[in-house]
Amino acid sequence: MSLRRNIRRRLDRILADPYMNTELLADAGGKLNLLGCRSARVDRNFRIVFVICEECRNIPE
């Protein structure tokens with residue numbers, strides 16, 4: 001399967017249920033602050049990183 005098709009299929013699943021088979025990311029202490037973001041794996045080398053507004057409003061400052 002092509003990468004484009006895999007991305008489309010994964011995006012469709014995320015839009016249907018963003019909590020299913022995704023992981024909540026935490027601050028790793030690096031240059032990127034991913035606290036409150038979620039990620040979904042497309043393949044071994046590609047991830048989709050996104051935010052659910054309901055969750056980002058509940059992050060302690």
# chains A, B, ... in the order shown; residues from 1 in each chain; ligands from 1
$ residues_around --residues "range 16-30 of chain A" --least-positions-apart "4" --cutoff "6 Å" --atoms "only C-alpha atoms" --output "PyMOL selection string"
chain A and resi 34-35+37-40
$ write_last_selection --atoms "C-alpha atoms" --output "PDB file, in the first residue's frame"
ATOM      1  CA  LEU A  34       4.399  17.833  23.126  1.00  0.00           C
ATOM      2  CA  LEU A  35       2.468  17.984  26.390  1.00  0.00           C
ATOM      3  CA  CYS A  37      -0.617  16.186  22.070  1.00  0.00           C
ATOM      4  CA  ARG A  38      -1.641  12.772  20.817  1.00  0.00           C
ATOM      5  CA  SER A  39       0.074  10.653  18.218  1.00  0.00           C
ATOM      6  CA  ALA A  40      -1.051   7.926  15.874  1.00  0.00           C
TER       7      ALA A  40
END
$ select_by_dssp --residues "chain A" --states "strand (DSSP E)" --output "list in words"
Glu23, Leu24, Cys37, Arg38, Ser39, Ala40, Arg41, Val42, Asp43, Phe46, Arg47, Ile48, Val49, Phe50 and Val51 of chain A
$ write_last_selection --atoms "N, CA and C atoms" --output "PDB file, in the first residue's frame"
ATOM      1  N   GLU A  23      -1.867   7.555  21.340  1.00  0.00           N
ATOM      2  CA  GLU A  23      -1.233   7.691  22.648  1.00  0.00           C
ATOM      3  C   GLU A  23      -1.069   9.162  23.017  1.00  0.00           C
ATOM      4  N   LEU A  24      -1.289   9.448  24.281  1.00  0.00           N
ATOM      5  CA  LEU A  24      -1.116  10.787  24.813  1.00  0.00           C
ATOM      6  C   LEU A  24       0.362  11.016  25.064  1.00  0.00           C
ATOM      7  N   CYS A  37      -0.436  16.665  23.444  1.00  0.00           N
ATOM      8  CA  CYS A  37      -0.617  16.186  22.070  1.00  0.00           C
ATOM      9  C   CYS A  37      -0.848  14.684  22.075  1.00  0.00           C
ATOM     10  N   ARG A  38      -1.456  14.201  21.029  1.00  0.00           N
ATOM     11  CA  ARG A  38      -1.641  12.772  20.817  1.00  0.00           C
ATOM     12  C   ARG A  38      -0.924  12.381  19.547  1.00  0.00           C
ATOM     13  N   SER A  39      -0.555  11.122  19.446  1.00  0.00           N
ATOM     14  CA  SER A  39       0.074  10.653  18.218  1.00  0.00           C
ATOM     15  C   SER A  39      -0.554   9.342  17.785  1.00  0.00           C
ATOM     16  N   ALA A  40      -0.556   9.154  16.473  1.00  0.00           N
ATOM     17  CA  ALA A  40      -1.051   7.926  15.874  1.00  0.00           C
ATOM     18  C   ALA A  40      -0.020   7.469  14.855  1.00  0.00           C
ATOM     19  N   ARG A  41       0.369   6.234  14.937  1.00  0.00           N
ATOM     20  CA  ARG A  41       1.378   5.704  14.031  1.00  0.00           C
ATOM     21  C   ARG A  41       0.731   5.321  12.700  1.00  0.00           C
ATOM     22  N   VAL A  42       1.361   5.784  11.600  1.00  0.00           N
ATOM     23  CA  VAL A  42       0.927   5.415  10.258  1.00  0.00           C
ATOM     24  C   VAL A  42       1.730   4.211   9.791  1.00  0.00           C
ATOM     25  N   ASP A  43       3.028   4.286   9.905  1.00  0.00           N
ATOM     26  CA  ASP A  43       3.899   3.147   9.653  1.00  0.00           C
ATOM     27  C   ASP A  43       5.105   3.269  10.564  1.00  0.00           C
ATOM     28  N   PHE A  46       6.555   6.976  10.387  1.00  0.00           N
ATOM     29  CA  PHE A  46       5.674   8.124  10.187  1.00  0.00           C
ATOM     30  C   PHE A  46       4.582   8.130  11.237  1.00  0.00           C
ATOM     31  N   ARG A  47       4.430   9.279  11.892  1.00  0.00           N
ATOM     32  CA  ARG A  47       3.372   9.457  12.889  1.00  0.00           C
ATOM     33  C   ARG A  47       2.579  10.715  12.574  1.00  0.00           C
ATOM     34  N   ILE A  48       1.332  10.726  12.990  1.00  0.00           N
ATOM     35  CA  ILE A  48       0.500  11.916  12.923  1.00  0.00           C
ATOM     36  C   ILE A  48       0.384  12.435  14.348  1.00  0.00           C
ATOM     37  N   VAL A  49       0.713  13.689  14.560  1.00  0.00           N
ATOM     38  CA  VAL A  49       0.613  14.311  15.888  1.00  0.00           C
ATOM     39  C   VAL A  49      -0.528  15.315  15.824  1.00  0.00           C
ATOM     40  N   PHE A  50      -1.438  15.239  16.809  1.00  0.00           N
ATOM     41  CA  PHE A  50      -2.610  16.121  16.808  1.00  0.00           C
ATOM     42  C   PHE A  50      -3.016  16.439  18.236  1.00  0.00           C
ATOM     43  N   VAL A  51      -3.930  17.379  18.363  1.00  0.00           N
ATOM     44  CA  VAL A  51      -4.417  17.827  19.671  1.00  0.00           C
ATOM     45  C   VAL A  51      -5.936  17.719  19.691  1.00  0.00           C
TER      46      VAL A  51
END
$ select_by_dssp --residues "chain A" --states "alpha helix (DSSP H)" --output "number ranges by chain"
A: 3-16, 53-56
$ atom_distance --atom1 "CA of Ser2 in chain A" --atom2 "CA of Arg44 in chain A"
13.4 Å
$ atom_distance --atom1 "CA of Glu55 in chain A" --atom2 "CA of Leu11 in chain A"
18.8 Å
$ atom_distance --atom1 "CA of Gly36 in chain A" --atom2 "CA of Asp12 in chain A"
21.1 Å
